[in-house]
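Dumped final_15.txt below, it's compact mmCIF, C-alpha atoms and all ligand atoms:
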```txt
# COMPACT_ATOMS: atom_id res chain seq x y z
CA MET A 1 145.39 133.00 118.23
CA ALA A 2 143.16 134.80 120.76
CA SER A 3 143.69 133.50 124.27
CA GLN A 4 140.71 131.89 125.98
CA LYS A 5 139.64 131.82 129.60
CA ILE A 6 141.93 129.51 131.55
CA THR A 7 140.08 126.35 132.59
CA ARG A 8 142.88 123.76 132.28
CA VAL A 9 145.85 124.15 134.59
CA GLY A 10 148.92 122.00 135.16
CA VAL A 11 150.98 121.98 138.34
CA ILE A 12 154.46 120.47 138.38
CA GLY A 13 155.26 119.08 141.82
CA ALA A 14 152.94 118.14 144.69
CA GLY A 15 155.08 119.18 147.64
CA GLN A 16 153.76 121.71 150.10
CA MET A 17 153.62 124.57 147.57
CA GLY A 18 152.53 122.54 144.53
CA ALA A 19 149.82 120.79 146.54
CA GLY A 20 148.55 124.13 147.81
CA ILE A 21 148.48 125.64 144.32
CA ALA A 22 146.71 122.58 142.90
CA GLU A 23 144.18 122.75 145.75
CA VAL A 24 143.28 126.42 145.26
CA CYS A 25 142.90 125.86 141.51
CA ALA A 26 140.63 122.84 142.05
CA ARG A 27 138.59 124.80 144.59
CA ALA A 28 138.18 127.53 141.96
CA SER A 29 136.48 125.04 139.58
CA VAL A 30 139.50 124.61 137.35
CA ASP A 31 140.53 121.26 135.86
CA VAL A 32 143.95 120.47 137.41
CA LEU A 33 146.58 118.02 136.24
CA VAL A 34 149.45 117.51 138.70
CA TYR A 35 152.83 116.04 137.77
CA GLU A 36 154.83 113.98 140.21
CA SER A 37 157.72 111.75 139.21
CA THR A 38 156.53 108.60 141.02
CA ARG A 39 153.23 107.04 142.11
CA GLU A 40 154.34 107.27 145.74
CA LEU A 41 154.96 111.03 145.51
CA ALA A 42 151.66 111.49 143.68
CA ALA A 43 149.84 109.56 146.43
CA ALA A 44 151.56 111.67 149.10
CA GLY A 45 150.59 114.85 147.21
CA ARG A 46 146.96 113.78 146.91
CA ALA A 47 146.88 112.89 150.62
CA ARG A 48 148.33 116.32 151.47
CA ILE A 49 145.61 118.03 149.44
CA MET A 50 142.87 115.87 150.95
CA ARG A 51 144.06 116.71 154.49
CA SER A 52 143.87 120.39 153.65
CA LEU A 53 140.41 120.03 152.05
CA ASP A 54 139.25 118.15 155.15
CA ARG A 55 140.51 121.03 157.23
CA GLY A 56 138.46 123.38 155.05
CA VAL A 57 135.35 121.29 155.74
CA SER A 58 135.97 121.06 159.49
CA SER A 59 136.50 124.84 159.71
CA GLY A 60 133.25 125.45 157.78
CA LYS A 61 134.94 127.07 154.76
CA LEU A 62 133.99 124.24 152.43
CA THR A 63 130.99 121.96 152.17
CA GLU A 64 131.40 118.19 151.82
CA ARG A 65 130.13 118.50 148.26
CA GLU A 66 132.69 121.21 147.42
CA ARG A 67 135.45 119.00 148.83
CA GLU A 68 134.31 116.09 146.65
CA GLN A 69 134.08 118.31 143.56
CA ALA A 70 137.56 119.75 144.17
CA ALA A 71 138.99 116.24 144.65
CA TRP A 72 137.29 115.10 141.45
CA ARG A 73 138.92 117.94 139.45
CA LEU A 74 142.43 116.80 140.43
CA ARG A 75 144.28 114.25 138.32
CA PHE A 76 147.88 113.10 138.65
CA THR A 77 150.40 112.01 136.04
CA SER A 78 154.07 111.04 135.84
CA ASP A 79 154.30 112.08 132.17
CA ILE A 80 154.88 115.76 131.35
CA GLY A 81 153.70 114.87 127.83
CA ASP A 82 150.16 114.88 129.29
CA PHE A 83 150.44 118.67 129.73
CA ALA A 84 150.01 119.35 125.98
CA ASP A 85 146.51 120.84 126.36
CA ARG A 86 147.20 123.00 129.44
CA GLN A 87 146.53 126.76 129.21
CA LEU A 88 148.58 127.55 132.33
CA VAL A 89 151.29 125.48 133.96
CA VAL A 90 152.71 126.41 137.35
CA GLU A 91 156.03 124.78 138.17
CA ALA A 92 156.54 124.26 141.92
CA VAL A 93 159.45 121.84 142.29
CA VAL A 94 162.55 122.04 144.49
CA GLU A 95 164.38 125.40 144.44
CA ASP A 96 167.11 124.17 142.09
CA GLU A 97 167.94 126.08 138.92
CA ALA A 98 169.10 123.05 136.91
CA VAL A 99 165.94 121.09 137.74
CA LYS A 100 163.69 124.04 136.92
CA THR A 101 165.39 124.96 133.63
CA ALA A 102 165.13 121.33 132.48
CA ILE A 103 161.40 121.38 133.25
CA PHE A 104 160.86 124.64 131.38
CA ALA A 105 162.74 123.32 128.33
CA GLU A 106 160.48 120.26 128.33
CA LEU A 107 157.25 122.16 128.98
CA ASP A 108 158.07 124.49 126.11
CA LYS A 109 158.15 121.52 123.72
CA VAL A 110 155.03 119.89 125.14
CA VAL A 111 152.54 122.75 125.71
CA THR A 112 151.20 123.48 122.24
CA ASP A 113 149.10 126.66 122.74
CA PRO A 114 151.48 129.60 122.05
CA THR A 115 149.33 131.81 124.31
CA ALA A 116 149.58 129.35 127.23
CA VAL A 117 151.29 130.73 130.30
CA LEU A 118 154.35 128.92 131.69
CA ALA A 119 154.78 130.09 135.27
CA SER A 120 157.25 129.30 138.02
CA ASN A 121 156.56 129.47 141.74
CA THR A 122 160.28 130.01 142.37
CA SER A 123 161.11 132.26 145.32
CA SER A 124 164.54 133.30 144.19
CA ILE A 125 165.60 132.13 140.74
CA PRO A 126 165.41 134.96 138.19
CA ILE A 127 162.54 134.18 135.82
CA MET A 128 164.67 135.23 132.86
CA LYS A 129 166.87 132.17 133.41
CA LEU A 130 163.79 129.94 133.08
CA GLY A 131 162.48 131.89 130.09
CA MET A 132 165.79 131.51 128.28
CA ALA A 133 165.57 127.72 128.70
CA THR A 134 162.60 127.88 126.29
CA GLN A 135 162.19 128.91 122.65
CA ASN A 136 159.42 131.34 123.61
CA ALA A 137 160.40 133.41 126.65
CA ALA A 138 157.42 135.70 125.99
CA ARG A 139 155.10 133.19 127.66
CA VAL A 140 157.19 132.71 130.83
CA VAL A 141 156.35 134.52 134.10
CA GLY A 142 156.80 134.12 137.83
CA MET A 143 153.68 133.42 139.90
CA HIS A 144 154.88 133.23 143.48
CA PHE A 145 152.40 131.90 146.05
CA PHE A 146 152.73 131.86 149.85
CA ASN A 147 152.54 129.02 152.32
CA PRO A 148 149.91 127.90 153.30
CA VAL A 149 148.57 128.65 149.82
CA PRO A 150 144.87 128.12 150.68
CA VAL A 151 145.19 130.70 153.47
CA LEU A 152 147.52 133.45 152.28
CA PRO A 153 145.97 135.76 149.70
CA LEU A 154 149.09 137.01 147.90
CA VAL A 155 150.60 136.18 144.53
CA GLU A 156 153.73 138.00 143.39
CA LEU A 157 153.67 138.37 139.62
CA VAL A 158 157.12 138.60 138.09
CA THR A 159 157.61 139.57 134.46
CA THR A 160 160.92 139.59 132.64
CA LEU A 161 162.34 141.75 129.88
CA MET A 162 160.94 139.12 127.50
CA THR A 163 157.45 138.41 128.96
CA SER A 164 154.65 139.62 126.68
CA PRO A 165 152.07 142.01 128.17
CA GLU A 166 149.29 139.60 127.10
CA VAL A 167 150.86 136.75 129.08
CA SER A 168 151.37 138.84 132.22
CA GLU A 169 147.78 140.14 131.96
CA ARG A 170 146.50 136.56 131.53
CA ALA A 171 148.44 135.34 134.57
CA GLU A 172 147.33 138.30 136.68
CA SER A 173 143.67 137.97 135.81
CA PHE A 174 143.75 134.23 136.54
CA ALA A 175 145.29 134.80 139.98
CA ARG A 176 142.94 137.67 140.78
CA ASP A 177 139.63 136.77 139.12
CA VAL A 178 139.70 132.97 139.19
CA LEU A 179 141.72 132.20 142.33
CA GLY A 180 140.63 135.33 144.23
CA LYS A 181 144.21 136.23 145.14
CA GLN A 182 145.65 139.72 145.42
CA VAL A 183 148.51 140.41 143.07
CA VAL A 184 151.58 142.56 143.48
CA ARG A 185 154.09 143.00 140.71
CA SER A 186 157.81 142.67 141.23
CA ALA A 187 160.83 143.24 139.06
CA ASP A 188 162.75 140.11 138.12
CA ARG A 189 165.25 140.27 140.98
CA SER A 190 166.13 137.27 143.14
CA GLY A 191 163.77 137.16 146.15
CA PHE A 192 161.21 139.50 144.55
CA VAL A 193 159.48 141.75 147.13
CA VAL A 194 158.58 139.41 149.98
CA ASN A 195 161.69 137.27 150.27
CA ALA A 196 164.01 140.25 149.78
CA LEU A 197 162.55 141.51 153.07
CA LEU A 198 161.70 138.23 154.80
CA VAL A 199 164.84 136.15 154.28
CA PRO A 200 167.31 138.57 155.98
CA TYR A 201 164.88 138.67 158.92
CA LEU A 202 164.73 134.85 159.17
CA LEU A 203 168.51 134.56 158.84
CA SER A 204 168.97 137.22 161.56
CA ALA A 205 166.81 135.15 163.90
CA VAL A 206 168.95 132.07 163.20
CA ARG A 207 172.09 134.15 163.91
CA MET A 208 170.53 135.24 167.22
CA VAL A 209 170.05 131.60 168.25
CA GLU A 210 173.56 130.78 167.05
CA SER A 211 175.16 133.52 169.16
CA GLY A 212 173.13 132.73 172.27
CA PHE A 213 171.44 136.12 172.15
CA ALA A 214 168.05 134.61 173.10
CA THR A 215 166.32 131.23 173.02
CA VAL A 216 164.29 129.97 170.07
CA GLU A 217 161.10 130.24 172.11
CA ASP A 218 161.83 133.76 173.33
CA ILE A 219 162.74 135.08 169.88
CA ASP A 220 159.46 133.74 168.49
CA LYS A 221 157.47 134.94 171.49
CA ALA A 222 159.00 138.41 171.14
CA MET A 223 157.90 138.81 167.53
CA VAL A 224 154.43 137.31 168.08
CA LEU A 225 153.65 139.40 171.15
CA GLY A 226 155.72 142.47 170.37
CA CYS A 227 154.94 142.88 166.68
CA ALA A 228 151.69 140.89 166.27
CA HIS A 229 153.23 138.51 163.74
CA PRO A 230 151.12 135.34 163.36
CA MET A 231 154.21 133.23 164.10
CA GLY A 232 157.79 133.94 165.11
CA PRO A 233 160.71 133.78 162.64
CA LEU A 234 162.02 130.37 163.74
CA ARG A 235 158.63 128.68 163.58
CA LEU A 236 158.19 130.33 160.19
CA THR A 237 161.60 129.04 159.07
CA ASP A 238 160.39 125.56 160.09
CA LEU A 239 157.17 126.07 158.10
CA VAL A 240 158.97 127.22 154.95
CA GLY A 241 161.65 124.52 155.38
CA LEU A 242 165.26 125.17 156.34
CA ASP A 243 166.44 123.64 153.07
CA THR A 244 164.23 126.03 151.14
CA VAL A 245 165.34 129.05 153.19
CA LYS A 246 168.96 128.04 152.53
CA ALA A 247 168.33 127.61 148.80
CA ILE A 248 166.63 131.02 148.58
CA ALA A 249 169.38 132.70 150.61
CA ASP A 250 172.08 131.14 148.41
CA LYS A 251 170.40 132.49 145.27
CA MET A 252 169.90 135.95 146.75
CA TYR A 253 173.53 136.01 147.88
CA GLU A 254 174.60 134.95 144.38
CA GLU A 255 172.59 137.85 142.91
CA PHE A 256 173.41 140.69 145.34
CA LYS A 257 176.61 139.56 147.18
CA GLU A 258 175.16 141.04 150.38
CA PRO A 259 176.41 139.34 153.60
CA LEU A 260 172.94 139.63 155.12
CA TYR A 261 171.71 137.05 152.56
CA SER A 262 174.47 134.57 153.40
CA PRO A 263 173.09 131.52 155.30
CA PRO A 264 174.65 131.23 158.79
CA PRO A 265 176.53 128.02 159.73
CA LEU A 266 173.79 126.87 162.15
CA LEU A 267 171.30 126.80 159.28
CA LEU A 268 173.79 124.85 157.14
CA ARG A 269 174.44 122.32 159.92
CA MET A 270 170.73 121.80 160.54
CA VAL A 271 170.10 121.21 156.83
CA GLU A 272 173.03 118.75 156.72
CA ALA A 273 171.52 116.96 159.74
CA GLY A 274 168.15 116.68 157.99
CA ARG A 275 166.50 118.94 160.56
CA ILE A 276 164.73 120.87 157.83
CA GLY A 277 161.58 121.86 159.68
CA LYS A 278 157.95 120.91 159.93
CA LYS A 279 157.89 118.67 156.86
CA ALA A 280 160.67 116.52 158.41
CA GLY A 281 159.14 116.54 161.89
CA HIS A 282 162.18 118.37 163.29
CA GLY A 283 163.65 121.84 162.88
CA PHE A 284 163.88 124.49 165.57
CA TYR A 285 160.85 122.67 167.04
CA GLN A 286 159.63 119.06 167.05
CA TYR A 287 156.45 118.13 165.15
CA GLU A 288 154.17 115.14 165.21
CA ALA A 289 154.48 112.86 162.18
CA LYS A 290 151.53 113.18 159.75
N1 LIG B 1 145.65 124.50 154.61
C1 LIG B 1 144.41 125.01 154.71
N2 LIG B 1 144.00 125.82 155.71
C2 LIG B 1 144.89 126.10 156.66
C3 LIG B 1 146.21 125.61 156.64
C4 LIG B 1 146.58 124.77 155.54
N3 LIG B 1 147.79 124.26 155.40
N4 LIG B 1 146.87 126.09 157.70
C5 LIG B 1 145.99 126.85 158.38
N5 LIG B 1 144.81 126.85 157.76
C6 LIG B 1 143.61 127.61 158.14
C7 LIG B 1 142.94 126.97 159.33
O1 LIG B 1 141.95 126.03 158.94
C8 LIG B 1 142.32 128.16 160.02
O2 LIG B 1 141.09 128.46 159.41
P1 LIG B 1 139.90 129.09 160.30
O3 LIG B 1 140.43 130.39 160.86
O4 LIG B 1 138.78 129.28 159.32
O5 LIG B 1 139.63 128.07 161.34
C9 LIG B 1 143.28 129.32 159.71
O6 LIG B 1 144.03 128.91 158.56
C10 LIG B 1 144.20 129.59 160.87
O7 LIG B 1 144.88 128.38 161.18
P2 LIG B 1 145.12 127.84 162.66
O8 LIG B 1 144.02 128.31 163.56
O9 LIG B 1 145.43 126.39 162.60
O10 LIG B 1 146.49 128.45 163.09
P3 LIG B 1 146.96 129.92 163.15
O11 LIG B 1 145.87 130.87 163.45
O12 LIG B 1 148.12 129.85 164.03
O13 LIG B 1 147.45 130.22 161.65
C11 LIG B 1 148.96 130.16 159.86
C12 LIG B 1 148.38 129.37 160.99
C13 LIG B 1 147.90 130.44 158.82
C14 LIG B 1 150.06 129.30 159.26
C15 LIG B 1 149.52 131.51 160.44
O14 LIG B 1 150.32 131.25 161.56
C16 LIG B 1 150.31 132.29 159.44
O15 LIG B 1 149.77 132.93 158.57
N6 LIG B 1 151.66 132.27 159.58
C17 LIG B 1 152.56 133.01 158.74
C18 LIG B 1 152.79 132.23 157.49
C19 LIG B 1 153.68 132.97 156.53
O16 LIG B 1 154.27 134.00 156.82
N7 LIG B 1 153.80 132.40 155.34
C20 LIG B 1 154.63 132.95 154.31
C21 LIG B 1 155.88 132.19 154.27
S1 LIG B 1 156.95 132.80 153.02
C22 LIG B 1 156.52 131.93 151.67
O17 LIG B 1 155.66 131.10 151.66
C23 LIG B 1 157.26 132.24 150.45
C24 LIG B 1 158.30 131.24 150.12
O18 LIG B 1 158.92 131.62 148.94
C25 LIG B 1 159.33 131.06 151.17
```
This entry written out as structure tokens:
Amino acid sequence: MASQKITRVGVIGAGQMGAGIAEVCARASVDVLVYESTRELAAAGRARIMRSLDRGVSSGKLTEREREQAAWRLRFTSDIGDFADRQLVVEAVVEDEAVKTAIFAELDKVVTDPTAVLASNTSSIPIMKLGMATQNAARVVGMHFFNPVPVLPLVELVTTLMTSPEVSERAESFARDVLGKQVVRSADRSGFVVNALLVPYLLSAVRMVESGFATVEDIDKAMVLGCAHPMGPLRLTDLVGLDTVKAIADKMYEEFKEPLYSPPPLLLRMVEAGRIGKKAGHGFYQYEAK
């Protein structure tokens, strides 16, 4: 069956990444169905997207009408069975291999079009593991977006030994031509390009705090003013989420056994304490509740 232009997308998960992915798809005139497990999580996801769309309007990037149209293109469900007609599904749930493989196994049964693309936004789980949870690993790819998704223009495209060229081309052209993102390709190695470089840097900053080398504020100030980074590594760790940074680091350590990927005890203690960053109102910095 010849594959058609992608106009129906599914997003699994409406956390900070899933909500961002759903938003950019809706803004690109695509029909978007978002899965969340409960009504409460779906309502929180919709509110997150609406806040971001409002921000687009107040910064002049979006008209009121475009915001309304984007909101109108977004529907929510708690039944993955509703994804049967999707041409592309992007999974963006918690960075947990067991949870993600279970979702891929289910999606594989539900999504009927054999040319549909099943993509994961994982940062660190090898895509092959997700592909092998399905009966058709040829249609499984990684599409890794960056936070905040409406702002950052990159998508890492990750193909496996099993991904078909047609599927990777379809995913790339959707990201590039429909969403207007820039695409880089990465081999299927935990962390892909960006996190393989970024995560050791973030962990090094945490180790600096841990050893009393410099304060949180001074480490961030040093990298913002000395290297023109938009934010320092500890504020960025808060933005990504300490739990997510830990999960990515654990996976990268599992893959490469490199000590530089091993999460330092301070990060572990902060995650155990629930100080997981901006989304929790408390990480290396304090944040106002939304
Ligand atoms: N949604 C929509 N728009 C947003 C937004 C959001 N969540 N956050 C910021 N923006 C927009 C603002 O409206 C503003 O637009 P304008 O210039 O037209 O007014 C613009 O982005 C800049 O925002 P602000 O003025 O509020 O703040 P800053 O200039 O400080 O920028 C930032 C904020 C965009 C977050 C910037 O600091 C930044 O790019 N930081 C680095 C983020 C980064 O490195 N992300 C990658 C993390 S790694 C990752 O995601 C991968 C994963 O696997 C871990």
Next on the checklist: Neighbouring residues of Ala43 of chain A were defined as those with any atom within 12 Å, considering all atoms listed in the file; residues of the same chain fewer than 2 positions away were excluded. Please report them as a PyMOL selection string.
Outcome noted: chain A and resi 13-15+19+34-41+45-50+74-78
Item to check | Using all atoms listed in the file: which of A:Ala228, A:Ile125, A:Ala70, A:Leu236 has the shortest distance to Val57 of chain A | outcome: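 Closest to Val57 of chain A, using all atoms listed in the file: A:Ala70.
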Contact check, chain A to ligand LIG 1 (chain B), at most 8 Å, counting only C-alpha atoms and all ligand atoms, closest pairs as a Markdown table:
```
| residue | atom | partner | partner_atom | distance |
| --- | --- | --- | --- | --- |
| A:Met17 | CA | B:LIG1 | O17 | 8.0 |
| A:Gly20 | CA | B:LIG1 | N1 | 7.4 |
| A:Arg51 | CA | B:LIG1 | N1 | 8.0 |
| A:Ser52 | CA | B:LIG1 | N1 | 4.6 |
| A:Leu53 | CA | B:LIG1 | C1 | 6.9 |
| A:Arg55 | CA | B:LIG1 | O1 | 5.5 |
| A:Gly56 | CA | B:LIG1 | O1 | 5.9 |
| A:Ser58 | CA | B:LIG1 | O1 | 7.8 |
| A:Ser59 | CA | B:LIG1 | O5 | 4.8 |
| A:Gly60 | CA | B:LIG1 | O4 | 6.9 |
| A:Lys61 | CA | B:LIG1 | O4 | 6.4 |
| A:Asn121 | CA | B:LIG1 | O18 | 7.9 |
| A:Thr122 | CA | B:LIG1 | O18 | 6.9 |
| A:Ser123 | CA | B:LIG1 | O18 | 4.3 |
| A:Ser124 | CA | B:LIG1 | O18 | 7.5 |
| A:His144 | CA | B:LIG1 | O18 | 7.0 |
| A:Phe145 | CA | B:LIG1 | O17 | 6.5 |
| A:Phe146 | CA | B:LIG1 | O17 | 3.5 |
| A:Asn147 | CA | B:LIG1 | O17 | 3.8 |
| A:Pro148 | CA | B:LIG1 | N3 | 4.7 |
| A:Val149 | CA | B:LIG1 | N1 | 7.0 |
| A:Pro150 | CA | B:LIG1 | C1 | 5.1 |
| A:Val151 | CA | B:LIG1 | N2 | 5.5 |
| A:Leu152 | CA | B:LIG1 | O15 | 6.7 |
| A:Gly191 | CA | B:LIG1 | O18 | 7.9 |
| A:Val194 | CA | B:LIG1 | C23 | 7.3 |
| A:Asn195 | CA | B:LIG1 | O18 | 6.4 |
| A:Leu198 | CA | B:LIG1 | S1 | 7.4 |
| A:His229 | CA | B:LIG1 | C17 | 7.5 |
| A:Pro230 | CA | B:LIG1 | O14 | 4.5 |
| A:Met231 | CA | B:LIG1 | O14 | 5.1 |
| A:Leu236 | CA | B:LIG1 | C18 | 6.3 |
| A:Leu239 | CA | B:LIG1 | C21 | 7.3 |
| A:Val240 | CA | B:LIG1 | C25 | 5.4 |
| A:Thr244 | CA | B:LIG1 | C25 | 7.0 |
| A:Val245 | CA | B:LIG1 | C25 | 6.7 |
| A:Ile248 | CA | B:LIG1 | O18 | 7.7 |
```
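We find atom CA of Val155 of chain A and atom CA of Leu268 of chain A to be spaced 28.7 Å apart.
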Checklist entry - Using all atoms listed in the file, which of the listed residues (A:Phe192, A:Phe104, A:Tyr261, A:Phe83) sits closest to Pro126 of chain A? => result A:Phe192
Considering all atoms listed in the file, tabulate each residue of segment 1-100 of chain A that lies at most 10 Å from segment 159-172 of chain A along with its nearest interatomic pair and the corresponding distance in Å to one decimal; arrange the rows by chain and ascending residue number and present them as a tab-separated table.
```
residue	atom	partner	partner_atom	distance
A:Ser3	CA	A:Arg170	CA	8.4
A:Gln4	CA	A:Arg170	CA	9.3
A:Lys5	CA	A:Arg170	CA	8.6
A:Ile6	CA	A:Arg170	CA	8.4
A:Leu88	CA	A:Ala171	CA	8.1
```
Checklist entry - Which one of A:Ala249, A:Tyr285, A:Arg189, A:Leu267 sits closest to Glu217 of chain A if you count all atoms listed in the file? => result A:Tyr285
So which residues touch Val216 of chain A within 12 Å, counting only C-alpha atoms, skipping near sequence neighbours fewer than 4 positions away, as a short mmCIF file (atom, residue, chain, number, x, y, z; two decimals) with C-alpha atoms, in the coordinates of the input?
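In the end it all went to part-v2.cif:
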```cif
data_model
loop_
_atom_site.label_atom_id
_atom_site.label_comp_id
_atom_site.auth_asym_id
_atom_site.auth_seq_id
_atom_site.Cartn_x
_atom_site.Cartn_y
_atom_site.Cartn_z
CA LEU A 202 164.73 134.85 159.17
CA ALA A 205 166.81 135.15 163.90
CA VAL A 206 168.95 132.07 163.20
CA ARG A 207 172.09 134.15 163.91
CA MET A 208 170.53 135.24 167.22
CA VAL A 209 170.05 131.60 168.25
CA GLU A 210 173.56 130.78 167.05
CA SER A 211 175.16 133.52 169.16
CA GLY A 212 173.13 132.73 172.27
CA ASP A 220 159.46 133.74 168.49
CA LYS A 221 157.47 134.94 171.49
CA ALA A 222 159.00 138.41 171.14
CA MET A 223 157.90 138.81 167.53
CA GLY A 232 157.79 133.94 165.11
CA PRO A 233 160.71 133.78 162.64
CA LEU A 234 162.02 130.37 163.74
CA ARG A 235 158.63 128.68 163.58
CA LEU A 236 158.19 130.33 160.19
CA THR A 237 161.60 129.04 159.07
CA ASP A 238 160.39 125.56 160.09
CA GLY A 283 163.65 121.84 162.88
CA PHE A 284 163.88 124.49 165.57
CA TYR A 285 160.85 122.67 167.04
#
```
Next on the checklist: Restricting the calculation to all atoms listed in the file: of A:Val140, A:Ala273, A:Ala71, A:Ala196, which residue gets closest to Leu260 of chain A?
Outcome noted: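 The shortest atom-to-atom distance to Leu260 of chain A comes from A:Ala196.
When all atoms listed in the file are used to compute distances to Lys109 of chain A, the closest of the residues A:Gln87, A:Gln182, A:Ser262, A:Asn136 turns out to be A:Asn136.
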Next on the checklist: When you count all atoms listed in the file, which of these residues is closest to Ala102 of chain A: A:Arg67, A:Lys246, A:Arg86, A:Lys129?
Outcome noted: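 Of all the options, A:Lys129 lies closest to Ala102 of chain A.
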Can we get segment 101-115 of chain A of that structure written down with C-alpha atoms, as a compact mmCIF listing (two decimals), in the first residue's frame?
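What follows is the written file selection07.txt:
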```txt
# COMPACT_ATOMS: atom_id res chain seq x y z
CA THR A 101 7.70 -1.79 25.28
CA ALA A 102 4.18 -2.54 26.55
CA ILE A 103 2.87 0.50 24.67
CA PHE A 104 4.64 -0.49 21.45
CA ALA A 105 3.26 -4.04 21.67
CA GLU A 106 -0.24 -2.60 22.02
CA LEU A 107 0.15 0.05 19.32
CA ASP A 108 1.38 -2.60 16.92
CA LYS A 109 -1.89 -4.50 17.34
CA VAL A 110 -4.08 -1.40 17.13
CA VAL A 111 -2.61 0.72 14.31
CA THR A 112 -3.85 -0.99 11.16
CA ASP A 113 -1.97 0.82 8.35
CA PRO A 114 1.24 -1.21 7.76
CA THR A 115 2.95 1.94 6.43
```
